[in-house]
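Colleague: I'm passing along target-v1.cif; it holds mmCIF, C-alpha atoms and all ligand atoms.
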data_upload
loop_
_atom_site.label_atom_id
_atom_site.label_comp_id
_atom_site.auth_asym_id
_atom_site.auth_seq_id
_atom_site.Cartn_x
_atom_site.Cartn_y
_atom_site.Cartn_z
CA LYS A 1 0.00 0.00 0.00
CA LYS A 2 1.25 3.47 -0.90
CA LEU A 3 1.67 5.87 2.02
CA GLY A 4 -0.82 8.76 2.03
CA VAL A 5 0.50 12.33 1.83
CA ALA A 6 -1.52 15.40 2.86
CA LEU A 7 -0.33 18.71 1.44
CA VAL A 8 -0.80 21.67 3.80
CA GLY A 9 -1.01 24.94 1.85
CA LEU A 10 -2.08 24.76 -1.79
CA GLY A 11 0.00 27.66 -3.12
CA LYS A 12 2.29 27.88 -6.08
CA TYR A 13 4.70 25.11 -5.11
CA SER A 14 1.98 22.60 -4.20
CA GLU A 15 -0.01 23.36 -7.32
CA GLY A 16 2.84 23.59 -9.81
CA GLU A 17 5.19 20.90 -8.49
CA LEU A 18 4.13 18.72 -5.56
CA GLY A 19 0.62 17.80 -6.74
CA PRO A 20 1.87 16.70 -10.18
CA ALA A 21 4.92 14.97 -8.59
CA LEU A 22 2.61 12.90 -6.38
CA GLU A 23 0.98 11.44 -9.50
CA LYS A 24 4.29 9.78 -10.34
CA THR A 25 5.44 8.60 -6.91
CA LYS A 26 5.60 4.84 -6.39
CA LEU A 27 5.68 4.54 -2.61
CA CYS A 28 3.33 7.39 -1.67
CA LYS A 29 0.37 9.25 -3.16
CA LEU A 30 -1.70 12.35 -2.59
CA ALA A 31 -4.36 11.35 -0.06
CA GLY A 32 -5.40 14.61 1.59
CA ILE A 33 -5.33 18.40 1.41
CA VAL A 34 -5.38 21.20 3.96
CA THR A 35 -6.49 24.60 2.71
CA GLY A 36 -8.32 27.68 3.94
CA THR A 37 -9.85 28.33 0.52
CA PRO A 38 -13.01 26.30 -0.37
CA GLU A 39 -12.56 26.97 -4.14
CA LYS A 40 -9.09 25.45 -4.03
CA ALA A 41 -10.44 22.45 -2.09
CA ASN A 42 -13.05 21.85 -4.81
CA LYS A 43 -10.51 22.16 -7.60
CA TRP A 44 -8.06 19.73 -5.97
CA LYS A 45 -10.80 17.26 -4.99
CA LYS A 46 -11.82 16.98 -8.63
CA LYS A 47 -8.38 17.02 -10.16
CA TYR A 48 -6.82 14.48 -7.81
CA ASN A 49 -9.85 12.50 -6.65
CA VAL A 50 -9.47 13.45 -3.00
CA PRO A 51 -12.44 12.22 -0.94
CA ASP A 52 -14.33 14.74 1.24
CA LYS A 53 -13.25 13.03 4.44
CA ASN A 54 -9.59 13.82 3.61
CA VAL A 55 -10.12 17.55 3.09
CA TYR A 56 -9.23 19.81 6.03
CA ASN A 57 -8.94 23.51 6.75
CA TYR A 58 -6.66 25.17 9.30
CA GLN A 59 -9.28 24.90 12.04
CA THR A 60 -10.05 21.19 11.49
CA PHE A 61 -6.42 20.28 10.76
CA ASP A 62 -5.79 18.52 14.09
CA GLN A 63 -8.53 15.97 13.33
CA ILE A 64 -6.11 14.50 10.79
CA ALA A 65 -4.89 12.48 13.81
CA ASP A 66 -7.93 10.22 13.38
CA ASN A 67 -7.41 9.66 9.65
CA PRO A 68 -5.61 6.41 8.79
CA ASP A 69 -5.37 7.43 5.09
CA ILE A 70 -2.77 10.07 5.97
CA ASP A 71 0.73 8.90 6.91
CA ILE A 72 2.79 11.96 5.93
CA VAL A 73 1.91 15.64 6.34
CA TYR A 74 3.82 17.97 3.98
CA ILE A 75 3.99 21.61 5.19
CA VAL A 76 4.06 23.98 2.18
CA LEU A 77 3.10 27.20 3.96
CA PRO A 78 4.89 30.57 4.26
CA ASN A 79 8.08 30.18 6.33
CA PRO A 80 6.83 31.74 9.60
CA MET A 81 4.01 29.14 9.72
CA HIS A 82 6.26 26.07 9.43
CA GLU A 83 6.93 25.70 13.15
CA GLU A 84 3.29 25.68 14.25
CA TYR A 85 2.14 23.24 11.58
CA VAL A 86 5.06 20.82 11.89
CA ILE A 87 4.41 20.61 15.63
CA ARG A 88 0.66 20.13 15.12
CA ALA A 89 1.32 17.42 12.51
CA ALA A 90 3.69 15.59 14.86
CA LYS A 91 1.14 15.84 17.69
CA ALA A 92 -1.39 14.31 15.29
CA GLY A 93 0.98 11.34 15.02
CA LYS A 94 2.06 11.91 11.41
CA HIS A 95 5.49 11.84 9.75
CA VAL A 96 6.38 15.29 8.43
CA ILE A 97 8.08 16.91 5.46
CA CYS A 98 8.66 20.65 5.94
CA GLU A 99 9.54 23.03 3.15
CA LYS A 100 12.73 25.10 3.18
CA PRO A 101 13.87 27.16 4.97
CA MET A 102 12.81 24.97 7.89
CA ALA A 103 11.77 27.92 10.07
CA MET A 104 12.71 31.46 11.07
CA THR A 105 15.04 30.67 13.99
CA VAL A 106 17.11 27.83 15.41
CA GLN A 107 14.86 27.83 18.48
CA GLU A 108 11.83 27.14 16.29
CA CYS A 109 13.72 24.34 14.50
CA GLN A 110 14.66 22.75 17.83
CA ALA A 111 11.02 22.81 18.96
CA MET A 112 9.99 21.12 15.69
CA ILE A 113 12.67 18.42 16.04
CA ASP A 114 11.70 17.83 19.66
CA ALA A 115 8.00 17.50 18.79
CA CYS A 116 8.72 14.89 16.10
CA LYS A 117 11.08 12.97 18.41
CA LYS A 118 8.48 12.98 21.19
CA ALA A 119 5.85 11.64 18.80
CA ASP A 120 8.36 9.12 17.40
CA ARG A 121 7.75 10.43 13.87
CA LYS A 122 10.27 11.21 11.12
CA LEU A 123 10.96 14.76 9.98
CA SER A 124 12.58 15.77 6.71
CA ILE A 125 13.13 19.03 4.83
CA GLY A 126 12.08 19.63 1.20
CA TYR A 127 15.69 19.67 -0.05
CA ARG A 128 14.86 18.31 -3.51
CA LEU A 129 18.36 18.81 -4.96
CA HIS A 130 19.78 16.00 -2.80
CA PHE A 131 17.87 13.68 -5.14
CA GLU A 132 19.16 15.33 -8.34
CA PRO A 133 21.98 13.54 -10.22
CA HIS A 134 24.05 16.66 -11.06
CA HIS A 135 24.03 17.79 -7.43
CA GLN A 136 24.83 14.26 -6.25
CA ASN A 137 27.76 14.28 -8.68
CA VAL A 138 28.92 17.63 -7.27
CA MET A 139 28.84 16.14 -3.75
CA GLN A 140 30.91 13.18 -4.91
CA ILE A 141 33.43 15.22 -6.90
CA GLY A 142 33.83 17.85 -4.19
CA GLN A 143 33.83 15.68 -1.10
CA ASN A 144 36.05 12.97 -2.62
CA LYS A 145 38.46 15.64 -3.90
CA ILE A 146 38.25 14.41 -7.53
CA ILE A 147 39.21 17.95 -8.61
CA GLY A 148 41.68 18.28 -5.75
CA ASP A 149 41.17 20.47 -2.70
CA ILE A 150 38.32 22.91 -3.28
CA LYS A 151 39.76 26.42 -3.00
CA LYS A 152 36.93 28.61 -4.24
CA ILE A 153 33.17 28.17 -4.65
CA ILE A 154 30.70 30.50 -6.33
CA CYS A 155 26.95 30.16 -5.64
CA ASP A 156 24.60 32.63 -7.32
CA ASP A 157 20.82 32.35 -7.07
CA GLY A 158 18.64 35.25 -8.15
CA GLN A 159 15.22 35.74 -9.68
CA VAL A 160 12.95 38.67 -10.38
CA GLN A 161 10.34 38.17 -7.67
CA SER A 162 6.74 38.83 -8.63
CA GLU A 163 4.10 40.21 -6.26
CA GLU A 164 2.37 36.80 -6.38
CA SER A 165 3.34 35.66 -2.86
CA PRO A 166 3.03 38.82 -0.73
CA TRP A 167 4.72 37.09 2.25
CA ARG A 168 7.89 36.62 0.12
CA LEU A 169 8.16 40.42 -0.05
CA GLY A 170 7.68 40.65 3.71
CA ARG A 171 3.97 41.44 3.71
CA GLY A 172 1.30 39.63 5.77
CA VAL A 173 2.92 36.82 7.75
CA GLY A 174 6.25 37.80 6.16
CA GLY A 175 9.34 35.64 6.45
CA GLY A 176 10.46 36.06 2.84
CA GLY A 177 13.35 37.84 1.18
CA PRO A 178 16.04 36.40 -1.08
CA VAL A 179 18.40 35.37 1.73
CA ARG A 180 15.86 33.01 3.30
CA ASP A 181 14.27 31.97 0.01
CA LEU A 182 17.39 31.49 -2.15
CA GLY A 183 20.32 31.84 0.25
CA VAL A 184 19.46 28.44 1.62
CA TYR A 185 20.36 26.89 -1.78
CA CYS A 186 23.74 28.67 -1.79
CA THR A 187 24.40 27.64 1.81
CA GLN A 188 23.52 24.04 1.02
CA ALA A 189 25.58 23.98 -2.18
CA ALA A 190 28.65 25.50 -0.51
CA ILE A 191 28.51 22.89 2.25
CA TYR A 192 27.90 19.82 0.12
CA THR A 193 30.48 20.81 -2.47
CA LYS A 194 33.19 21.39 0.12
CA GLY A 195 31.99 18.67 2.48
CA GLU A 196 32.49 21.00 5.42
CA ILE A 197 30.62 23.60 7.40
CA PRO A 198 32.10 27.09 6.98
CA VAL A 199 33.65 28.63 10.09
CA SER A 200 32.64 32.25 9.46
CA VAL A 201 30.76 34.62 7.15
CA ILE A 202 30.86 38.24 6.01
CA ALA A 203 27.87 39.81 4.23
CA LYS A 204 26.68 42.98 2.54
CA TYR A 205 23.18 43.98 1.46
CA HIS A 206 22.69 45.13 -2.14
CA PRO A 207 21.58 48.73 -2.46
CA LYS A 208 17.80 49.03 -2.98
CA THR A 209 16.89 50.02 -6.53
CA ASP A 210 13.13 49.63 -5.89
CA VAL A 211 12.45 51.00 -2.42
CA GLU A 212 8.69 50.44 -2.61
CA LYS A 213 8.83 46.77 -3.62
CA PHE A 214 11.66 46.03 -1.19
CA LYS A 215 10.43 48.17 1.69
CA LEU A 216 10.12 45.25 4.10
CA ILE A 217 12.87 42.91 2.91
CA GLU A 218 16.39 43.00 1.47
CA GLU A 219 16.55 43.26 -2.32
CA GLY A 220 19.69 41.15 -2.52
CA MET A 221 22.88 40.26 -0.71
CA ASN A 222 26.46 39.13 -1.26
CA PHE A 223 27.87 36.90 1.41
CA GLN A 224 31.13 35.03 1.67
CA PHE A 225 31.73 31.89 3.72
CA GLN A 226 35.21 31.11 5.00
CA PHE A 227 36.22 27.47 5.57
CA ALA A 228 38.79 26.28 8.10
CA ASP A 229 41.52 25.85 5.44
CA GLY A 230 41.13 29.43 4.21
CA SER A 231 39.09 28.53 1.12
CA THR A 232 35.93 30.54 0.45
CA ALA A 233 32.43 30.39 -1.03
CA ASP A 234 31.21 33.63 -2.62
CA CYS A 235 27.41 33.71 -2.69
CA LYS A 236 25.01 36.17 -4.27
CA VAL A 237 21.21 36.24 -3.96
CA SER A 238 18.69 38.66 -5.40
CA PHE A 239 14.97 39.21 -5.89
CA ASN A 240 15.68 41.68 -8.68
CA GLU A 241 18.14 39.96 -11.01
CA LYS A 242 18.29 36.52 -12.59
CA PHE A 243 21.28 34.23 -12.11
CA ASN A 244 21.54 30.55 -11.26
CA LYS A 245 24.98 29.05 -10.95
CA LEU A 246 27.27 26.86 -8.90
CA ARG A 247 31.01 26.71 -9.63
CA ALA A 248 33.86 25.17 -7.68
CA GLU A 249 37.56 25.45 -8.38
CA GLY A 250 39.92 22.84 -6.99
CA THR A 251 43.67 22.36 -7.11
CA LYS A 252 43.24 19.82 -9.96
CA GLY A 253 40.19 21.07 -11.87
CA TRP A 254 36.78 22.69 -11.69
CA LEU A 255 33.06 21.94 -11.88
CA GLU A 256 30.11 24.07 -12.86
CA LEU A 257 26.30 23.80 -12.91
CA ASP A 258 24.39 26.44 -14.89
CA PRO A 259 21.47 26.56 -14.39
CA ALA A 260 22.05 24.96 -11.03
CA TYR A 261 19.00 25.10 -8.77
CA GLU A 262 16.01 24.83 -11.15
CA TYR A 263 13.36 22.09 -11.14
CA LYS A 264 14.56 20.94 -14.56
CA GLY A 265 17.11 21.75 -17.24
CA ILE A 266 20.15 21.57 -14.95
CA GLU A 267 23.37 21.37 -16.95
CA GLY A 268 26.79 20.53 -15.64
CA LYS A 269 30.38 20.34 -16.78
CA THR A 270 33.78 19.80 -15.23
CA SER A 271 37.35 20.36 -16.37
CA SER A 272 37.15 16.81 -17.81
CA GLY A 273 34.02 17.46 -19.89
CA LYS A 274 30.24 17.61 -19.87
CA MET A 275 28.33 15.83 -17.09
CA ASP A 276 26.28 13.29 -19.00
CA LEU A 277 23.47 13.01 -16.46
CA PRO A 278 19.68 13.00 -16.78
CA ASN A 279 17.24 15.54 -15.41
CA VAL A 280 14.86 13.70 -13.10
CA PRO A 281 11.54 14.49 -11.39
CA GLN A 282 13.20 15.84 -8.23
CA GLN A 283 10.14 16.13 -6.00
CA THR A 284 8.89 12.65 -6.97
CA LEU A 285 12.21 11.11 -5.96
CA GLN A 286 12.41 13.24 -2.82
CA MET A 287 8.97 12.14 -1.57
CA ASP A 288 9.49 8.48 -2.53
CA ASP A 289 12.80 8.49 -0.67
CA PHE A 290 11.07 9.76 2.46
CA ALA A 291 8.30 7.17 2.10
CA ASN A 292 11.01 4.50 1.76
CA CYS A 293 12.70 5.79 4.93
CA ILE A 294 9.41 5.35 6.79
CA ILE A 295 8.68 1.90 5.31
CA SER A 296 12.22 0.62 5.99
CA ASN A 297 12.73 2.65 9.15
CA LYS A 298 15.88 4.34 7.83
CA PRO A 299 17.09 7.89 8.57
CA THR A 300 16.39 10.50 5.88
CA ARG A 301 19.31 12.17 4.10
CA VAL A 302 17.69 15.55 4.66
CA PRO A 303 16.60 15.54 8.33
CA GLY A 304 15.32 18.34 10.53
CA GLU A 305 18.82 18.66 11.99
CA MET A 306 20.12 19.67 8.54
CA GLY A 307 17.33 22.23 8.21
CA MET A 308 18.25 23.61 11.64
CA ARG A 309 21.93 23.78 10.67
CA ASP A 310 21.04 25.91 7.66
CA VAL A 311 18.66 28.20 9.56
CA GLY A 312 21.49 28.80 12.05
CA ILE A 313 23.77 29.78 9.16
CA LEU A 314 21.10 32.09 7.69
CA GLN A 315 20.91 33.82 11.08
CA SER A 316 24.71 34.30 11.02
CA ILE A 317 24.51 35.76 7.50
CA PHE A 318 21.95 38.34 8.65
CA GLU A 319 24.06 39.16 11.70
CA ALA A 320 27.09 39.71 9.47
CA ALA A 321 25.14 42.00 7.15
CA GLU A 322 23.61 43.96 10.04
CA THR A 323 26.87 44.46 11.95
CA GLY A 324 29.38 44.56 9.09
CA ASN A 325 31.47 42.10 11.11
CA LYS A 326 32.85 38.69 10.28
CA VAL A 327 30.53 36.38 12.22
CA LYS A 328 31.56 32.97 13.54
CA ILE A 329 29.36 30.09 12.46
CA ASN A 330 28.48 27.75 15.27
CA VAL A 331 26.13 25.01 14.10
CA ASN A 332 25.88 21.23 14.26
CA HIS A 333 27.80 19.18 11.70
CA VAL A 334 25.15 17.43 9.59
CA MET A 335 26.19 16.08 6.19
CA ASP A 336 24.35 14.14 3.48
CA PRO A 337 26.22 10.78 3.41
CA VAL A 338 25.89 10.69 -0.41
CA GLY A 339 29.30 12.34 -0.74
P1 LIG B 401 2.63 30.56 -1.95
O1 LIG B 401 2.49 31.93 -1.42
O2 LIG B 401 2.36 30.33 -3.40
O3 LIG B 401 1.72 29.54 -1.14
C1 LIG B 401 1.54 29.64 0.26
C2 LIG B 401 0.19 29.03 0.61
O4 LIG B 401 -0.05 29.20 2.01
C3 LIG B 401 -0.98 29.71 -0.12
O5 LIG B 401 -1.82 28.74 -0.66
C4 LIG B 401 -1.69 30.48 0.98
O6 LIG B 401 -3.07 30.58 0.76
C5 LIG B 401 -1.39 29.60 2.19
N1 LIG B 401 -1.56 30.31 3.46
C6 LIG B 401 -2.24 29.84 4.52
N2 LIG B 401 -2.25 30.73 5.51
C7 LIG B 401 -1.58 31.81 5.08
C8 LIG B 401 -1.27 33.08 5.66
N3 LIG B 401 -1.64 33.38 6.91
N4 LIG B 401 -0.57 33.95 4.92
C9 LIG B 401 -0.16 33.65 3.67
N5 LIG B 401 -0.43 32.46 3.07
C10 LIG B 401 -1.13 31.56 3.77
O7 LIG B 401 4.10 30.07 -1.59
P2 LIG B 401 4.91 28.82 -2.19
O8 LIG B 401 5.79 29.31 -3.27
O9 LIG B 401 4.01 27.71 -2.48
O10 LIG B 401 5.87 28.47 -0.95
C11 LIG B 401 5.42 27.75 0.18
C12 LIG B 401 6.62 27.13 0.90
O11 LIG B 401 7.29 26.26 0.00
C13 LIG B 401 7.67 28.12 1.36
O12 LIG B 401 8.24 27.69 2.56
C14 LIG B 401 8.71 28.09 0.26
O13 LIG B 401 9.99 28.48 0.68
C15 LIG B 401 8.66 26.64 -0.14
N6 LIG B 401 9.07 26.42 -1.55
C16 LIG B 401 10.02 25.50 -1.80
C17 LIG B 401 10.44 25.25 -3.08
C18 LIG B 401 11.45 24.20 -3.35
O14 LIG B 401 11.97 24.15 -4.47
N7 LIG B 401 11.76 23.32 -2.40
C19 LIG B 401 9.89 25.98 -4.13
C20 LIG B 401 8.90 26.92 -3.85
C21 LIG B 401 8.50 27.13 -2.54
#
Give the structure from the file, written as structure tokens.

Modeller:
Amino acid sequence: KKLGVALVGLGKYSEGELGPALEKTKLCKLAGIVTGTPEKANKWKKKYNVPDKNVYNYQTFDQIADNPDIDIVYIVLPNPMHEEYVIRAAKAGKHVICEKPMAMTVQECQAMIDACKKADRKLSIGYRLHFEPHHQNVMQIGQNKIIGDIKKIICDDGQVQSEESPWRLGRGVGGGGPVRDLGVYCTQAAIYTKGEIPVSVIAKYHPKTDVEKFKLIEEGMNFQFQFADGSTADCKVSFNEKFNKLRAEGTKGWLELDPAYEYKGIEGKTSSGKMDLPNVPQQTLQMDDFANCIISNKPTRVPGEMGMRDVGILQSIFEAAETGNKVKINVNHVMDPVG
């Protein structure tokens, strides 16, 4: 029997990616939805054949505890809502996937991890790129020093942000901005390419070119991680410019993904030639991997502890930008064993 997944929050990511991805999963399937909008509930019920008894809103959400059709609750809400809903899902006795960034603060992440531990449920973060062949190749090349010692990494992730998700621009519940939204990809990529956690960070906000649109959030930021051996990762994020790249230079060669962080169309090359790797349905593989971890009682490659590590680093990046100082990074060492 396939495990049942309930999506919480039927916004752009659920509609465009996770719903369709759950039509192709082998070990799990879409079984329920949680939404505050009755029109969306009707649309999803029809499109995906979701029975009435598996449709919840934010008030009835906790009753999901009594629903044996739902094994996994997937939180796809604005970032400041992740903590509350992960904890409520764990209390309802469900395994949980939480979208990135895991939460707003390390304290919130710890409370989410504790709640899942207490309920004896698994918790994973929606880090889809850990299931993507080019990124897995980068982990292997970088961590196994195939191109020698990594001396310099470049991670650029920028997009022109529309007004579509007001919270992303800091409005309503807030919790957006390019550092939280995109900086988490750069942070992840720097760590899994080098195979180490950086020891410190310096950061500088981009000047605001559109003060109205970016009144409540940063428009962009450059930040640089320093690793223990003196090597660096230069990262750039923006909500006003498009770029999408990962490059690493080692003592014996280099690697590059461009575009690097998209849902499809990732292309890679190294100093020895083109990476001849397929593009795969990332979210399908990500959710099936989590279902497999539950079925076989194995740890997930992308656990809550990794999400908490990255939220801690995001907090250090903001501190560096606010103070202008080099800020020490003090987070747990959590690494995807793929490398
Ligand atoms: P979105 O704004 O399109 O959707 C958010 C949903 O939450 C909407 O359906 C909205 O109605 C609902 N919601 C419920 N209560 C709300 C409230 N009080 N205020 C605002 N919205 C409320 O956003 P999205 O792009 O779907 O992102 C959702 C989450 O998924 C975020 O954490 C985001 O970072 C993450 N995400 C991850 C990826 C990825 O590649 N892993 C891609 C996109 C988004």

Colleague: Per residue of chain A within 9 Å of ligand LIG 401 (chain B), note the shortest atom pair and the distance in Å to one decimal, counting only C-alpha atoms and all ligand atoms, and order the rows by chain and increasing residue number, as a Markdown table.

Modeller:
| residue | atom | partner | partner_atom | distance |
| --- | --- | --- | --- | --- |
| A:Val8 | CA | B:LIG401 | O4 | 7.8 |
| A:Gly9 | CA | B:LIG401 | O4 | 4.4 |
| A:Leu10 | CA | B:LIG401 | O5 | 4.1 |
| A:Gly11 | CA | B:LIG401 | O3 | 3.2 |
| A:Lys12 | CA | B:LIG401 | O2 | 3.6 |
| A:Tyr13 | CA | B:LIG401 | O9 | 3.8 |
| A:Ser14 | CA | B:LIG401 | O9 | 5.8 |
| A:Glu15 | CA | B:LIG401 | O9 | 7.6 |
| A:Gly16 | CA | B:LIG401 | O9 | 8.5 |
| A:Glu17 | CA | B:LIG401 | C19 | 8.2 |
| A:Thr35 | CA | B:LIG401 | C6 | 7.0 |
| A:Gly36 | CA | B:LIG401 | C6 | 6.5 |
| A:Thr37 | CA | B:LIG401 | O6 | 7.1 |
| A:Lys40 | CA | B:LIG401 | O5 | 8.7 |
| A:Tyr58 | CA | B:LIG401 | C6 | 8.0 |
| A:Ile75 | CA | B:LIG401 | C12 | 7.5 |
| A:Val76 | CA | B:LIG401 | C12 | 4.3 |
| A:Leu77 | CA | B:LIG401 | O4 | 4.2 |
| A:Pro78 | CA | B:LIG401 | C13 | 4.7 |
| A:Asn79 | CA | B:LIG401 | O12 | 4.5 |
| A:Pro80 | CA | B:LIG401 | O12 | 8.2 |
| A:Met81 | CA | B:LIG401 | N3 | 7.6 |
| A:His82 | CA | B:LIG401 | O12 | 7.3 |
| A:Cys98 | CA | B:LIG401 | O12 | 7.8 |
| A:Glu99 | CA | B:LIG401 | O12 | 4.9 |
| A:Lys100 | CA | B:LIG401 | O13 | 5.0 |
| A:Pro101 | CA | B:LIG401 | O13 | 5.9 |
| A:Met102 | CA | B:LIG401 | O12 | 7.5 |
| A:Ala103 | CA | B:LIG401 | O12 | 8.3 |
| A:Ile125 | CA | B:LIG401 | N7 | 8.5 |
| A:Gly126 | CA | B:LIG401 | N7 | 5.2 |
| A:Tyr127 | CA | B:LIG401 | N7 | 5.9 |
| A:Arg128 | CA | B:LIG401 | N7 | 6.0 |
| A:Leu129 | CA | B:LIG401 | O14 | 8.3 |
| A:Glu164 | CA | B:LIG401 | O1 | 7.0 |
| A:Ser165 | CA | B:LIG401 | O1 | 4.1 |
| A:Pro166 | CA | B:LIG401 | O1 | 6.9 |
| A:Trp167 | CA | B:LIG401 | C9 | 6.1 |
| A:Arg168 | CA | B:LIG401 | O1 | 7.3 |
| A:Arg171 | CA | B:LIG401 | C9 | 8.8 |
| A:Gly172 | CA | B:LIG401 | N4 | 6.0 |
| A:Val173 | CA | B:LIG401 | N4 | 5.3 |
| A:Gly174 | CA | B:LIG401 | N4 | 7.9 |
| A:Gly175 | CA | B:LIG401 | O12 | 8.9 |
| A:Gly176 | CA | B:LIG401 | O13 | 7.9 |
| A:Arg180 | CA | B:LIG401 | O13 | 7.9 |
| A:Asp181 | CA | B:LIG401 | O13 | 5.6 |
| A:Leu182 | CA | B:LIG401 | O13 | 8.5 |
| A:Tyr261 | CA | B:LIG401 | O14 | 8.3 |
| A:Glu262 | CA | B:LIG401 | O14 | 7.8 |
| A:Tyr263 | CA | B:LIG401 | O14 | 7.1 |
| A:Gln283 | CA | B:LIG401 | N7 | 8.2 |

Colleague: Could you give me, as number ranges by chain, the residues within 12 Å of Thr60 (chain A), counting all atoms listed in the file and dropping anything in the same chain fewer than 6 positions from it?

Modeller: A: 33-36, 53-54, 66-67, 88, 92

Colleague: If you measure from CA of Gly230 (chain A) to CA of Asn144 (chain A), what distance in Å do you get, rounded to one decimal?

Modeller: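 Separation of CA of Gly230 (chain A) and CA of Asn144 (chain A): 18.5 Å.
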
Colleague: Please report the interatomic distance between CA of Lys118 (chain A) and CA of Asn297 (chain A) in Å with one decimal.

Modeller: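 Going from CA of Lys118 (chain A) over to CA of Asn297 (chain A) covers 16.4 Å.
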
Colleague: Check the smallest atom-to-atom distance from each of A:Gln110, A:Ser124, A:Gln282, A:Asn240 to Val96 (chain A) using only C-alpha atoms, then report the winner.

Modeller: A:Ser124
